[in-house]
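target-v3.cif follows (mmCIF, C-alpha atoms):
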```
data_my_file
loop_
_atom_site.label_atom_id
_atom_site.label_comp_id
_atom_site.auth_asym_id
_atom_site.auth_seq_id
_atom_site.Cartn_x
_atom_site.Cartn_y
_atom_site.Cartn_z
CA MET A 10 -29.02 12.11 7.67
CA PRO A 11 -27.49 9.72 5.11
CA LEU A 12 -23.74 9.09 4.96
CA ASP A 13 -21.77 11.11 2.44
CA LYS A 14 -20.58 8.78 -0.35
CA PRO A 15 -19.10 11.06 -3.00
CA TYR A 16 -17.21 8.13 -4.55
CA LEU A 17 -20.28 6.42 -6.00
CA ASP A 18 -20.05 8.30 -9.31
CA ILE A 19 -16.56 7.02 -10.23
CA PRO A 20 -16.82 4.66 -13.22
CA GLY A 21 -15.56 1.08 -13.07
CA THR A 22 -14.72 1.35 -9.39
CA THR A 23 -16.13 -0.27 -6.24
CA ILE A 24 -15.07 1.39 -3.01
CA PHE A 25 -14.77 -1.10 -0.16
CA ASP A 26 -16.75 0.81 2.44
CA ALA A 27 -18.53 -0.40 5.57
CA GLU A 28 -21.53 -1.63 3.57
CA GLN A 29 -19.42 -3.66 1.13
CA SER A 30 -17.37 -4.98 4.04
CA ARG A 31 -20.49 -6.17 5.84
CA LYS A 32 -21.80 -7.88 2.68
CA GLY A 33 -18.48 -9.50 1.95
CA TYR A 34 -17.36 -10.51 5.43
CA TRP A 35 -17.38 -14.29 4.91
CA LEU A 36 -16.21 -14.10 1.31
CA ASN A 37 -13.17 -12.14 2.45
CA GLN A 38 -12.57 -14.36 5.47
CA PHE A 39 -12.68 -17.41 3.19
CA CYS A 40 -10.01 -15.70 1.06
CA MET A 41 -7.98 -15.04 4.19
CA SER A 42 -7.99 -18.76 5.01
CA LEU A 43 -6.02 -19.35 1.80
CA MET A 44 -2.98 -17.78 3.45
CA LYS A 45 -2.34 -21.22 4.96
CA SER A 46 -0.90 -23.78 2.55
CA VAL A 47 -2.94 -26.63 4.07
CA ASN A 48 -6.12 -24.72 3.24
CA ARG A 49 -4.91 -23.92 -0.27
CA GLU A 50 -4.43 -27.63 -0.85
CA ARG A 51 -7.87 -28.51 0.51
CA PHE A 52 -9.50 -25.79 -1.62
CA LYS A 53 -7.73 -26.97 -4.76
CA ALA A 54 -8.70 -30.60 -4.09
CA ASP A 55 -12.46 -29.81 -3.99
CA GLU A 56 -13.32 -26.13 -4.41
CA ARG A 57 -17.08 -26.49 -3.96
CA ALA A 58 -16.76 -28.60 -0.82
CA TYR A 59 -14.31 -26.13 0.71
CA LEU A 60 -16.56 -23.17 -0.12
CA ASP A 61 -19.53 -24.97 1.43
CA GLU A 62 -17.72 -24.92 4.78
CA TRP A 63 -18.16 -21.13 4.83
CA PRO A 64 -21.39 -19.20 5.50
CA MET A 65 -21.12 -17.41 2.13
CA ASN A 66 -24.14 -16.88 -0.09
CA GLU A 67 -24.54 -18.81 -3.34
CA GLU A 68 -23.66 -15.82 -5.52
CA GLN A 69 -20.37 -15.38 -3.68
CA LYS A 70 -19.51 -19.06 -4.12
CA LEU A 71 -20.37 -19.04 -7.83
CA ALA A 72 -18.35 -15.87 -8.36
CA VAL A 73 -15.31 -17.53 -6.77
CA LEU A 74 -15.75 -20.74 -8.76
CA ALA A 75 -15.99 -18.68 -11.97
CA ARG A 76 -12.92 -16.65 -10.92
CA ASP A 77 -14.93 -13.58 -11.91
CA LEU A 78 -13.31 -10.89 -9.79
CA ASN A 79 -15.75 -8.16 -10.83
CA ARG A 80 -18.57 -10.39 -9.58
CA CYS A 81 -16.63 -11.06 -6.38
CA MET A 82 -16.19 -7.32 -5.86
CA ALA A 83 -19.91 -6.69 -6.38
CA ALA A 84 -20.62 -9.40 -3.79
CA GLY A 85 -18.52 -7.59 -1.19
CA GLY A 86 -15.03 -8.82 -1.98
CA ASN A 87 -11.97 -6.66 -1.50
CA ILE A 88 -9.07 -6.92 -3.91
CA TYR A 89 -6.43 -7.49 -1.24
CA PHE A 90 -8.43 -10.44 0.09
CA LEU A 91 -9.38 -11.73 -3.38
CA ALA A 92 -5.66 -11.68 -4.20
CA LYS A 93 -5.31 -14.77 -2.00
CA ILE A 94 -7.36 -16.69 -4.58
CA GLY A 95 -5.04 -15.41 -7.29
CA ALA A 96 -2.01 -16.47 -5.26
CA THR A 97 -3.53 -19.92 -4.88
CA ASP A 98 -3.92 -20.05 -8.67
CA GLY A 99 -0.37 -18.74 -9.19
CA LEU A 100 -1.45 -15.38 -10.63
CA SER A 101 0.23 -12.02 -10.18
CA PHE A 102 -1.56 -8.82 -9.17
CA GLN A 103 -1.21 -7.63 -12.74
CA GLN A 104 -2.95 -10.71 -14.09
CA MET A 105 -5.73 -10.32 -11.53
CA ALA A 106 -6.23 -6.61 -12.15
CA GLY A 107 -6.16 -7.13 -15.90
CA SER A 108 -8.79 -9.88 -15.67
CA MET A 109 -11.34 -7.28 -14.55
CA THR A 110 -11.00 -5.19 -17.71
CA GLY A 111 -11.80 -7.76 -20.41
CA MET A 112 -8.30 -7.29 -21.80
CA THR A 113 -5.93 -10.15 -22.46
CA GLU A 114 -2.84 -10.33 -20.31
CA ASP A 115 -0.75 -8.89 -23.16
CA GLU A 116 -3.20 -6.10 -23.89
CA TYR A 117 -3.26 -5.04 -20.25
CA ARG A 118 0.52 -5.23 -19.87
CA ASP A 119 0.96 -3.14 -23.01
CA MET A 120 -1.43 -0.53 -21.63
CA MET A 121 0.64 -0.29 -18.43
CA VAL A 122 3.97 -0.09 -20.25
CA GLY A 123 2.43 2.63 -22.40
CA GLY A 124 1.78 4.75 -19.32
CA GLY A 125 -1.36 3.16 -17.92
CA ARG A 126 -5.02 3.97 -18.31
CA SER A 127 -5.71 7.64 -18.91
CA ILE A 128 -7.73 9.58 -16.36
CA GLU A 129 -9.43 11.53 -19.15
CA GLY A 130 -13.07 10.54 -19.41
CA ASN A 131 -12.72 8.26 -16.39
CA ARG A 132 -13.36 10.65 -13.50
CA HIS A 133 -17.16 10.59 -13.49
CA ILE A 134 -19.85 8.20 -14.68
CA GLY A 135 -21.30 9.53 -17.91
CA GLU A 136 -18.03 10.66 -19.48
CA ASP A 137 -16.50 8.84 -22.44
CA GLY A 138 -13.37 7.13 -21.04
CA SER A 139 -12.34 3.49 -21.38
CA ALA A 140 -13.68 2.48 -17.94
CA GLN A 141 -17.26 3.59 -18.65
CA ALA A 142 -19.87 0.82 -18.52
CA TYR A 143 -20.88 1.14 -22.16
CA ARG A 144 -17.30 0.45 -23.26
CA GLN A 145 -17.00 -2.97 -21.56
CA PRO A 146 -15.39 -5.35 -22.17
CA GLN A 147 -12.32 -3.46 -23.31
CA GLY A 148 -10.28 -6.18 -24.98
CA ARG A 149 -10.26 -9.53 -26.64
CA ALA A 150 -10.05 -11.70 -23.51
CA GLY A 151 -13.64 -12.89 -23.88
CA SER A 152 -13.27 -13.87 -27.52
CA LEU A 153 -10.25 -16.16 -27.14
CA MET B 10 17.27 13.79 22.86
CA ALA B 11 16.24 11.78 19.80
CA ARG B 12 15.65 13.64 16.54
CA ILE B 13 14.17 13.05 13.13
CA THR B 14 16.82 13.86 10.54
CA ALA B 15 15.14 12.80 7.31
CA SER B 16 11.94 11.53 5.75
CA VAL B 17 11.75 9.05 2.91
CA TYR B 18 8.78 8.38 0.63
CA THR B 19 8.40 5.42 -1.70
CA SER B 20 5.90 3.12 -3.35
CA HIS B 21 5.82 -0.45 -2.04
CA VAL B 22 4.57 -2.48 -5.02
CA PRO B 23 4.64 -6.25 -4.29
CA ALA B 24 5.92 -7.05 -7.80
CA ILE B 25 9.08 -5.08 -6.94
CA GLY B 26 9.73 -7.54 -4.14
CA ALA B 27 9.02 -10.46 -6.44
CA ALA B 28 11.38 -9.04 -9.10
CA LEU B 29 14.18 -8.76 -6.52
CA ASP B 30 13.50 -12.14 -4.97
CA LEU B 31 13.32 -13.95 -8.33
CA GLY B 32 16.50 -12.35 -9.68
CA LYS B 33 14.78 -10.19 -12.32
CA ALA B 34 16.32 -6.91 -11.17
CA ASN B 35 18.56 -6.65 -14.23
CA GLU B 36 15.75 -6.99 -16.76
CA PRO B 37 15.22 -3.72 -18.66
CA TYR B 38 11.64 -3.39 -17.37
CA TRP B 39 12.82 -3.49 -13.75
CA GLN B 40 16.10 -1.63 -14.30
CA LYS B 41 14.05 1.48 -15.00
CA VAL B 42 12.44 1.12 -11.57
CA PHE B 43 15.58 0.24 -9.64
CA SER B 44 17.70 2.94 -11.28
CA GLY B 45 15.74 5.44 -9.22
CA TYR B 46 17.04 3.86 -6.02
CA ASN B 47 20.78 3.69 -6.75
CA PHE B 48 21.22 7.12 -5.18
CA SER B 49 19.07 6.08 -2.24
CA LYS B 50 21.06 2.98 -1.36
CA GLN B 51 24.27 5.02 -1.19
CA TRP B 52 22.44 7.76 0.72
CA MET B 53 21.30 5.18 3.30
CA LYS B 54 24.95 4.15 3.82
CA ASP B 55 26.00 7.78 4.21
CA HIS B 56 23.08 8.72 6.47
CA ARG B 57 22.58 5.56 8.44
CA PRO B 58 19.78 6.01 11.00
CA ASP B 59 19.58 4.41 14.42
CA VAL B 60 15.88 3.68 13.96
CA ILE B 61 13.42 3.80 11.05
CA PHE B 62 9.81 4.70 11.86
CA LEU B 63 8.13 3.03 8.90
CA VAL B 64 4.57 4.02 7.97
CA TYR B 65 2.93 1.45 5.70
CA ASN B 66 -0.27 -0.45 5.28
CA ASP B 67 -1.04 -4.08 5.84
CA HIS B 68 -2.69 -5.74 2.82
CA ALA B 69 -5.06 -8.22 4.49
CA THR B 70 -2.08 -10.03 5.98
CA ALA B 71 -1.71 -9.39 9.71
CA PHE B 72 -5.19 -7.84 9.90
CA SER B 73 -8.17 -9.61 8.35
CA LEU B 74 -11.71 -8.25 8.68
CA GLU B 75 -11.77 -9.52 12.26
CA MET B 76 -9.97 -6.39 13.44
CA ILE B 77 -9.35 -3.21 11.47
CA PRO B 78 -7.23 -0.75 13.45
CA THR B 79 -6.96 2.69 11.84
CA PHE B 80 -3.48 3.30 13.29
CA ALA B 81 -1.40 0.42 14.72
CA ILE B 82 2.11 0.78 16.18
CA GLY B 83 4.39 -2.24 16.52
CA THR B 84 6.08 -2.43 19.92
CA ALA B 85 7.49 -5.95 19.50
CA ALA B 86 11.15 -7.00 19.60
CA GLU B 87 10.94 -8.52 16.10
CA TYR B 88 8.61 -9.21 13.20
CA ALA B 89 8.66 -12.09 10.72
CA PRO B 90 8.13 -11.51 6.96
CA ALA B 91 4.60 -12.73 6.24
CA ASP B 92 3.41 -15.46 3.90
CA GLU B 93 0.97 -13.50 1.73
CA GLY B 94 -0.03 -16.57 -0.25
CA TRP B 95 3.08 -16.85 -2.41
CA GLY B 96 5.30 -17.90 0.54
CA PRO B 97 7.24 -15.45 2.78
CA ARG B 98 9.68 -13.09 1.04
CA PRO B 99 13.25 -14.38 1.51
CA VAL B 100 14.41 -11.37 3.50
CA PRO B 101 15.79 -10.98 7.03
CA LYS B 102 13.44 -10.69 9.98
CA VAL B 103 12.68 -7.13 11.01
CA VAL B 104 14.13 -6.14 14.39
CA GLY B 105 11.95 -3.71 16.33
CA HIS B 106 12.73 -1.01 18.86
CA PRO B 107 10.31 -1.74 21.71
CA VAL B 108 11.63 1.01 23.98
CA LEU B 109 11.24 3.89 21.53
CA ALA B 110 8.02 2.40 20.10
CA SER B 111 6.39 2.19 23.53
CA HIS B 112 7.52 5.71 24.32
CA ILE B 113 6.02 7.02 21.05
CA ALA B 114 2.79 5.11 21.67
CA GLN B 115 2.37 6.63 25.11
CA SER B 116 3.22 10.14 23.94
CA VAL B 117 1.03 10.06 20.84
CA ILE B 118 -1.97 8.64 22.70
CA GLN B 119 -1.59 11.39 25.29
CA ASP B 120 -1.64 13.75 22.30
CA ASP B 121 -5.18 12.47 21.47
CA PHE B 122 -4.38 9.89 18.76
CA ASP B 123 -5.94 6.53 19.63
CA LEU B 124 -3.32 4.06 18.47
CA THR B 125 -3.69 0.29 18.57
CA ILE B 126 -0.62 -1.28 20.17
CA VAL B 127 0.57 -4.48 18.51
CA ASN B 128 3.00 -6.81 20.24
CA ARG B 129 2.78 -9.63 17.74
CA MET B 130 2.42 -9.45 13.97
CA ASP B 131 3.98 -10.50 10.71
CA VAL B 132 4.92 -7.76 8.24
CA ASP B 133 4.02 -7.90 4.56
CA HIS B 134 5.43 -6.36 1.37
CA GLY B 135 4.19 -2.93 2.43
CA LEU B 136 7.01 -2.85 4.96
CA THR B 137 9.67 -5.11 3.46
CA VAL B 138 9.68 -3.78 -0.13
CA PRO B 139 10.70 -0.24 0.96
CA LEU B 140 13.50 -1.78 3.07
CA SER B 141 14.73 -3.79 0.07
CA LEU B 142 14.60 -0.73 -2.20
CA MET B 143 16.48 1.52 0.22
CA CYS B 144 18.91 -0.98 1.74
CA GLY B 145 19.48 -3.38 -1.15
CA THR B 146 18.83 -7.11 -1.13
CA GLN B 147 19.82 -8.94 2.05
CA ASP B 148 20.34 -12.62 2.60
CA PRO B 149 17.51 -13.92 4.79
CA ALA B 150 19.87 -15.92 7.02
CA THR B 151 23.19 -14.09 7.08
CA GLY B 152 22.02 -10.57 6.15
CA ALA B 153 20.29 -7.95 8.28
CA TRP B 154 18.54 -4.61 7.86
CA PRO B 155 20.81 -1.72 8.87
CA CYS B 156 18.89 -0.75 12.01
CA PRO B 157 15.77 -1.45 14.08
CA VAL B 158 12.40 -0.58 12.53
CA ILE B 159 9.17 0.54 14.18
CA PRO B 160 6.26 -0.63 11.99
CA PHE B 161 3.32 1.75 11.90
CA ALA B 162 0.35 0.30 10.02
CA VAL B 163 -2.46 2.48 8.68
CA ASN B 164 -5.83 1.16 7.51
CA VAL B 165 -6.19 2.05 3.85
CA VAL B 166 -8.10 -1.13 2.96
CA GLN B 167 -11.59 -0.42 4.30
CA TYR B 168 -13.08 2.98 3.58
CA PRO B 169 -13.03 5.47 5.20
CA VAL B 170 -9.30 5.59 5.75
CA PRO B 171 -7.96 8.39 7.97
CA SER B 172 -8.04 11.80 6.30
CA GLY B 173 -4.92 13.48 4.98
CA ARG B 174 -5.43 16.18 7.59
CA ARG B 175 -5.50 13.62 10.42
CA CYS B 176 -2.39 11.89 9.06
CA PHE B 177 -0.55 15.20 8.84
CA MET B 178 -1.44 16.04 12.46
CA LEU B 179 -0.38 12.57 13.56
CA GLY B 180 3.04 13.14 12.00
CA GLN B 181 3.38 16.28 14.10
CA ALA B 182 2.54 14.29 17.25
CA ILE B 183 5.12 11.64 16.31
CA ARG B 184 7.74 14.38 15.96
CA ARG B 185 6.96 15.68 19.45
CA ALA B 186 7.14 12.12 20.81
CA VAL B 187 10.57 11.51 19.28
CA GLN B 188 11.87 14.78 20.67
CA ARG B 189 10.74 13.76 24.16
CA PHE B 190 12.92 10.63 24.05
CA ASP B 191 16.09 11.00 26.13
CA GLU B 192 18.56 8.91 24.13
CA PRO B 193 20.35 10.73 21.27
CA LEU B 194 18.89 8.59 18.48
CA ASN B 195 18.95 9.50 14.79
CA VAL B 196 15.46 8.63 13.50
CA HIS B 197 14.19 8.44 9.91
CA ILE B 198 10.49 8.48 9.21
CA TRP B 199 9.29 6.79 6.04
CA GLY B 200 5.92 7.15 4.33
CA THR B 201 5.14 4.41 1.82
CA GLY B 202 2.50 3.32 -0.70
CA GLY B 203 1.07 4.84 -3.87
CA MET B 204 1.40 6.58 -6.19
CA SER B 205 -1.53 6.44 -8.60
CA HIS B 206 -2.85 2.92 -9.09
CA GLN B 207 -6.10 1.02 -9.23
CA LEU B 208 -6.14 -2.75 -8.89
CA GLN B 209 -9.84 -3.41 -9.39
CA GLY B 210 -12.76 -3.12 -11.75
CA PRO B 211 -12.95 -1.90 -15.35
CA ARG B 212 -10.90 1.17 -14.34
CA ALA B 213 -7.94 -1.03 -13.24
CA GLY B 214 -4.60 0.24 -14.50
CA LEU B 215 -5.38 3.92 -13.98
CA ILE B 216 -2.29 6.14 -13.84
CA ASN B 217 -2.37 9.91 -13.41
CA ARG B 218 1.13 11.23 -13.99
CA GLU B 219 0.16 14.89 -13.76
CA TRP B 220 -1.68 14.47 -10.46
CA ASP B 221 1.17 12.42 -8.98
CA ASN B 222 3.78 15.03 -9.82
CA GLN B 223 1.65 17.80 -8.44
CA PHE B 224 1.30 15.72 -5.26
CA LEU B 225 5.10 15.51 -5.04
CA ASP B 226 5.43 19.28 -5.61
CA GLU B 227 2.90 20.08 -2.90
CA LEU B 228 4.26 17.49 -0.49
CA ILE B 229 7.61 19.25 -0.69
CA ALA B 230 6.49 22.88 -0.71
CA SER B 231 2.99 23.19 0.76
CA PRO B 232 2.12 20.05 2.76
CA ALA B 233 -0.40 21.79 5.04
CA GLN B 234 -2.43 22.74 1.99
CA LEU B 235 -2.07 19.25 0.51
CA ALA B 236 -3.33 17.75 3.78
CA GLN B 237 -6.70 19.46 3.26
CA ARG B 238 -7.43 17.43 0.14
CA PRO B 239 -10.46 15.14 0.66
CA HIS B 240 -10.42 11.36 0.20
CA VAL B 241 -12.51 11.42 -2.92
CA ASP B 242 -9.88 13.44 -4.78
CA TYR B 243 -7.33 10.67 -4.23
CA VAL B 244 -9.74 7.94 -5.28
CA ARG B 245 -11.06 9.78 -8.32
CA GLU B 246 -7.72 11.16 -9.57
CA ALA B 247 -5.17 8.57 -8.40
CA GLY B 248 -7.25 5.37 -8.35
CA SER B 249 -8.94 3.41 -5.60
CA GLU B 250 -5.59 2.19 -4.24
CA GLY B 251 -3.94 5.59 -4.76
CA ILE B 252 -5.56 6.49 -1.43
CA GLU B 253 -2.43 4.95 0.13
CA LEU B 254 -0.78 8.32 -0.46
CA VAL B 255 -2.37 9.73 2.71
CA MET B 256 0.34 7.80 4.55
CA TRP B 257 3.01 10.05 3.06
CA LEU B 258 1.47 12.95 5.00
CA ILE B 259 2.30 11.25 8.30
CA ALA B 260 6.00 11.30 7.46
CA ARG B 261 5.79 14.83 6.07
CA GLY B 262 4.01 16.10 9.18
CA ALA B 263 6.99 15.01 11.28
CA MET B 264 9.42 17.40 9.55
CA ALA B 265 10.77 20.53 11.24
CA ASP B 266 9.22 23.15 8.95
CA VAL B 267 5.73 22.06 9.97
CA ALA B 268 6.70 22.97 13.55
CA GLY B 269 8.12 26.36 12.52
CA GLY B 270 11.65 25.24 11.60
CA PRO B 271 13.56 25.47 8.32
CA ALA B 272 12.29 23.80 5.15
CA PRO B 273 13.81 20.40 4.36
CA ARG B 274 16.27 19.86 1.51
CA VAL B 275 15.16 17.68 -1.39
CA ALA B 276 18.01 15.17 -1.58
CA HIS B 277 16.38 12.97 -4.22
CA ARG B 278 13.26 12.78 -6.38
CA PHE B 279 12.20 10.01 -8.75
CA TYR B 280 9.07 9.09 -10.67
CA HIS B 281 8.48 6.21 -13.06
CA VAL B 282 5.56 4.42 -14.75
CA PRO B 283 4.98 1.51 -14.42
CA ALA B 284 5.91 -1.10 -11.89
CA SER B 285 3.24 -3.72 -12.54
CA ASN B 286 -0.02 -1.72 -12.08
CA THR B 287 1.51 1.24 -10.30
CA ALA B 288 3.23 4.60 -10.68
CA VAL B 289 6.41 4.57 -8.60
CA GLY B 290 7.23 7.76 -6.71
CA HIS B 291 10.18 8.35 -4.42
CA LEU B 292 11.48 11.32 -2.42
CA ILE B 293 14.16 11.87 0.20
CA LEU B 294 13.86 15.01 2.33
CA GLU B 295 16.70 15.94 4.71
CA GLU B 296 16.37 18.25 7.68
CA GLN B 297 18.56 21.34 7.28
CA SER B 298 19.39 22.04 10.91
#
```
Would you kindly transcribe this structure into structure tokens?
Amino acid sequence: MPLDKPYLDIPGTTIFDAEQSRKGYWLNQFCMSLMKSVNRERFKADERAYLDEWPMNEEQKLAVLARDLNRCMAAGGNIYFLAKIGATDGLSFQQMAGSMTGMTEDEYRDMMVGGGRSIEGNRHIGEDGSAQAYRQPQGRAGSL
Amino acid sequence: MARITASVYTSHVPAIGAALDLGKANEPYWQKVFSGYNFSKQWMKDHRPDVIFLVYNDHATAFSLEMIPTFAIGTAAEYAPADEGWGPRPVPKVVGHPVLASHIAQSVIQDDFDLTIVNRMDVDHGLTVPLSLMCGTQDPATGAWPCPVIPFAVNVVQYPVPSGRRCFMLGQAIRRAVQRFDEPLNVHIWGTGGMSHQLQGPRAGLINREWDNQFLDELIASPAQLAQRPHVDYVREAGSEGIELVMWLIARGAMADVAGGPAPRVAHRFYHVPASNTAVGHLILEEQS
């Protein structure tokens, strides 16, 4: 009998379950290595060479080099691990979270100060909320 | 015997720690957050515990994907604030209570909860931000937290996390364990994390004010019913990281009314949006006996 995964119909959301964790094991362990300042320095000095020391697949490496966190998530990354890349780059959690929406930093901050993203239309895939696939990207980040 | 006299619930947003550590606490944005804790800091002075049993989650700090314990109890003498990639928070080390922690571990495991026992770990913002909020800022060298702390880490990073029902039952087992301890210690149990927030994907920034406040209402008045709520409700309604709220049910399960005693008194309630990406919720419940 298949596992029950009732969370697969939530729009704009990747749940880090056992399958994602298995896919992303080395990507996340690479991120974990950035907790040590000596590794942060080595990564910053030559990102590609540092990534090549890890048994990650090419898509995972390219996603990291592009700093595309949605791509990293799809490749098995978990946000708490990916945050180590953001810390290495000097980014806050808000900057990292905002980068996944297509909004500029200001647009995302304004949304949060205004009470955050509404749940309406964002509970199930197929509704009409701001997180639905057909409404991406949500802001002007890509056009700057 | 030892007894639990109060439970405390609070979000543990990392940006709150950063705001305190970087001297931004007086900025209007952060004042709105910290104003909700002025009462709490005085309350902590007036109701100083002997030990805090602090339920939190590790954020890929002490536990990588190499080991993922569902429930981990710290039985060490002390814990260092972790370097999460931005450098360690400049806060005092956390002093443990190995004797009570070991006692609780043995009792709770005999009560059928399979805890992982941790004798060495660093503690991240999940544990130190609640201490800063409730106890005020402390100098890392000359300051100290008001009492020993028993860290209790729950896996809420890799799905499935423990169910609300399981967390609620665990709280009841922790209560029994504390009551079996001979020394007359005054113990607080804290549940941290939440409230609604999502840090990932196109749905990042989700906040559900109505759901959060209903959660607070039910946590106070009908926790056994709240504990039946399935995971997917948290994720769908409160965001992928809103699932942290199951940890509040551990603290709530340890209160007297769940074991047939009187209902707790709501000493303080606070809710504010936002702190960074997150809805901040905070409750203090005092035992009436």
Picked residues, the PyMOL selection byres ((chain A) within 6 of (chain B)), expected as a PyMOL selection string: chain A and resi 16+21-22+25-26+44+79+89-90+93+96+103+106+109-110+124-126+132+140
Picked residues, the PyMOL selection byres ((chain B and resi 276) around 6), expected as number ranges by chain: B: 274-275, 277, 293-294
Spatial neighbours of Arg144 in chain A, max dist 12 Å, only C-alpha atoms, sep filter under 2 positions, as a ChimeraX atom specification: /A:20-21,110-112,130-131,134-142,146-148 /B:211-212
Ground truth for the PyMOL selection byres ((chain B and resi 103) around 6), written as a PyMOL selection string: chain B and resi 87-88+102+104
CA of Gly180 in chain B to CA of Ile82 in chain B, distance in Å rounded to a single decimal: 13.1 Å
Interatomic distance, CA of Glu295 in chain B to CA of Leu235 in chain B (Å, one decimal):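 We find that CA of Glu295 in chain B and CA of Leu235 in chain B lie 19.5 Å from each other.
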Two-atom distance - CA of Ile259 in chain B, CA of Phe177 in chain B (Å): 4.9 Å
For Gln69 in chain A: contacts at 8 Å, all atoms listed in the file, fewer than 5 positions along chain excluded, given as a PyMOL selection string: chain A and resi 36+80-81+84
Sphere at (-2.8, -5.9, -21.0), radius 9 Å, counting only C-alpha atoms: residues as a ChimeraX atom specification: /A:103-104,107-108,110,112-122,148
Close residues, Lys50 in chain B itself excluded, 6 Å, all atoms listed in the file, min 2 positions apart in chain, as an MDAnalysis selection string: chainID B and resid 47:48 52:53 143:144
Local residues around (3.7, 15.0, 12.0), at most 8 Å away, using all atoms listed in the file, as a PyMOL selection string: chain B and resi 176-184+258-264+267
Long-range neighbours of Phe52 in chain A as a list in words, 12 Å cut-off, only C-alpha atoms, 4 positions minimum in chain: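 Here the answer would be Phe39, Cys40, Ser42, Leu43, Met44, Lys45, Ser46, Val47, Asn48, Glu56, Arg57, Ala58, Tyr59, Leu60, Asp61, Glu62, Trp63, Val73, Leu74, Lys93, Ile94, Thr97 and Asp98 of chain A.
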Shell around Met256 in chain B at 8 Å using all atoms listed in the file, local window under 4 positions removed, as a list of chain:residue names: B:Val64, B:Tyr65, B:Val163, B:Gly173, B:Cys176, B:Gly200, B:Thr201, B:Gly202, B:Ala260
Could you pull range 34-45 of chain A out of the structure just shown and give N, CA and C atoms as a CSV table (one decimal), in the first residue's frame?
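For reference, result.csv as written:
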```csv
chain,number,residue,atom,x,y,z
A,34,TYR,N,20.4,14.2,0.1
A,34,TYR,CA,21.4,13.9,1.2
A,34,TYR,C,22.7,14.7,1.1
A,35,TRP,N,23.4,14.5,-0.1
A,35,TRP,CA,24.7,15.2,-0.2
A,35,TRP,C,24.6,16.7,-0.4
A,36,LEU,N,23.6,17.1,-1.1
A,36,LEU,CA,23.3,18.6,-1.2
A,36,LEU,C,23.2,19.2,0.2
A,37,ASN,N,22.4,18.6,1.1
A,37,ASN,CA,22.3,19.1,2.4
A,37,ASN,C,23.5,19.0,3.3
A,38,GLN,N,24.2,17.9,3.1
A,38,GLN,CA,25.5,17.7,3.9
A,38,GLN,C,26.5,18.7,3.4
A,39,PHE,N,26.6,19.0,2.1
A,39,PHE,CA,27.5,20.0,1.6
A,39,PHE,C,27.1,21.4,2.4
A,40,CYS,N,25.8,21.7,2.4
A,40,CYS,CA,25.4,22.9,3.1
A,40,CYS,C,25.9,22.9,4.6
A,41,MET,N,25.7,21.7,5.2
A,41,MET,CA,26.1,21.6,6.6
A,41,MET,C,27.6,21.9,6.8
A,42,SER,N,28.4,21.6,5.8
A,42,SER,CA,29.9,21.8,5.9
A,42,SER,C,30.2,23.3,6.0
A,43,LEU,N,29.2,24.1,5.5
A,43,LEU,CA,29.4,25.6,5.5
A,43,LEU,C,29.3,26.2,6.9
A,44,MET,N,28.9,25.4,7.9
A,44,MET,CA,28.9,25.8,9.3
A,44,MET,C,30.3,26.2,9.8
A,45,LYS,N,31.3,25.6,9.2
A,45,LYS,CA,32.7,25.8,9.6
A,45,LYS,C,33.3,27.0,8.7
```
